[in-house]
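Q: Let me give you the structure first, and then I'll get to my questions.
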Amino acid sequence: MKNLKLIFVAIIMIASYSLTAQVAVNTDGSSADGSAMLEVKSTTKGFLPPRMTETQRDAISTPATGLIVFCTDCGDNGEAQIYNGTAWTNMIGGAASAGPIPIPNVTSSTGKIWMDRNLGASQVATSSTDSDSYGDLYQWGRAADGHESRTSNTTATLATSDTPGHGDFIINSSDWRNPQNDNLWQGVSGINNPCPSGYRLPTEAEWTAEKATWGVGADNAAGAFASPLKLPVAGSRSYSNGSLDDVGAYGFYWSSTVDGAFSRGLAFGSSSAGMGSVYRAFGFSVRCIKD
């Protein structure tokens, strides 16, 4: 009889385990989907896999097929990866990125290292009017939130914080933000710095030094393109209505330097080049310099 009771208890325990082997992690008490051993349910939080560097990932001994990690220094901004039994692969398809992608750069005549193209451009300029080299047009101090696209929508509603929460180009005011914030874009760790890691907006002094290397009589668009930076005449975007202006005729480039209620920018055309104080709601090109 004693043995019979033990057998009966064992059967109950086995049955209980088989009924609860599927696990649901949630707050509503619901069970896991019938096809899943584990289901995580939430409408307010996500699933966070192990985060590690490429070196730490490669130190995993005999990773199991299907093992998932997030490689923090793979690709441009990190990458979710899965081991397929032979190699690590990108979870959205294709081979896993091996470490950060190098930033294409060029050393200028001042000895400074710059990106070799404007932010948003697909290539280095092949001419002063090469449209593929124009890139995006940023309002001073804004992050890359979509507003920089030449075809982004516009709105007349000013932002009240450093992050407007949308990708519209803000018009009808001298600044897109109210109140103004002079602390934006200041240095490589500056608020809203749109440049890649290790890069930042150049200062007015750095632009001035760069322009001085273009040579006597080359203070113009021709000198800008002939320089190692290959600066094109990418135009600007109007602060008043968001229209594109002077594309193919003038180049306008932001610096990080603030001048009262304005910010300083470099402008050049067919016969001149210089720095000036500009409304921050204008859309100008951004060329990043290495810190």
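Residue names in the structure tokens use chain letters A, B, ... in the order shown, residue numbers from 1 in each chain, and ligand numbers from 1 in the order shown.
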So that I can see what lies close to Gly94 (chain A), please list as a PyMOL selection string the residues with an atom at most 12 Å from it, counting only C-alpha atoms and leaving out residues fewer than 4 positions away in the same chain.
A: chain A and resi 79-82+84+87-90
Q: As a VMD selection string, please: the residues near region 188-198 of chain A (cut-off 9 Å, only C-alpha atoms, same-chain neighbours under 3 positions excluded).
A: chain A and resid 76 103 119 141 to 144 162 to 163 183 to 185 201 286 to 291
Q: Mind pulling up the distance from CA of Arg150 (chain A) to CA of Ile170 (chain A)?
A: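 These atoms are spaced 12.7 Å apart.
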Q: For Thr155 (chain A), list every protein, DNA or RNA residue within 8 Å, evaluated using only C-alpha atoms, and leave out those in the same chain fewer than 6 positions away; present the list as a ChimeraX atom specification.
A: /A:168-171
Q: For Asp116 (chain A), please output as a compact mmCIF listing (two decimals) with C-alpha atoms, in the first residue's frame all residues within 12 Å (counting only C-alpha atoms; exclusion window: fewer than 2 positions along the same chain).
A:
# COMPACT_ATOMS: atom_id res chain seq x y z
CA ILE A 103 33.50 56.37 -40.90
CA PRO A 104 34.69 57.59 -44.33
CA ASN A 105 36.92 60.57 -43.67
CA VAL A 106 39.53 62.86 -45.15
CA THR A 107 42.38 64.90 -43.68
CA SER A 108 42.13 68.55 -44.65
CA LYS A 112 42.02 68.09 -39.13
CA ILE A 113 40.07 64.90 -39.87
CA TRP A 114 36.61 65.46 -41.33
CA ASN A 118 27.85 65.84 -45.89
CA LEU A 119 25.55 64.08 -43.44
CA GLY A 120 22.92 62.23 -45.43
CA ALA A 121 24.94 62.24 -48.67
CA SER A 122 25.44 58.97 -50.53
CA GLN A 123 28.86 59.86 -51.90
CA VAL A 124 31.77 62.28 -52.00
CA ALA A 125 31.05 65.17 -54.38
CA THR A 126 32.24 64.61 -57.94
CA SER A 133 26.58 64.67 -52.50
CA GLY A 135 22.88 65.35 -48.22
CA PHE A 225 34.99 72.08 -53.95
CA SER A 227 39.56 71.69 -51.12
CA PRO A 228 40.06 68.20 -49.65
CA LEU A 229 36.54 68.46 -48.19
CA LYS A 230 34.91 68.66 -51.67
CA LEU A 231 32.13 70.90 -50.36
CA PRO A 232 29.15 71.10 -52.76
CA VAL A 286 26.26 69.53 -41.73
CA ARG A 287 29.84 68.40 -42.25
CA CYS A 288 31.26 66.65 -39.18
CA ILE A 289 34.80 66.95 -37.83
CA LYS A 290 36.59 64.33 -35.72
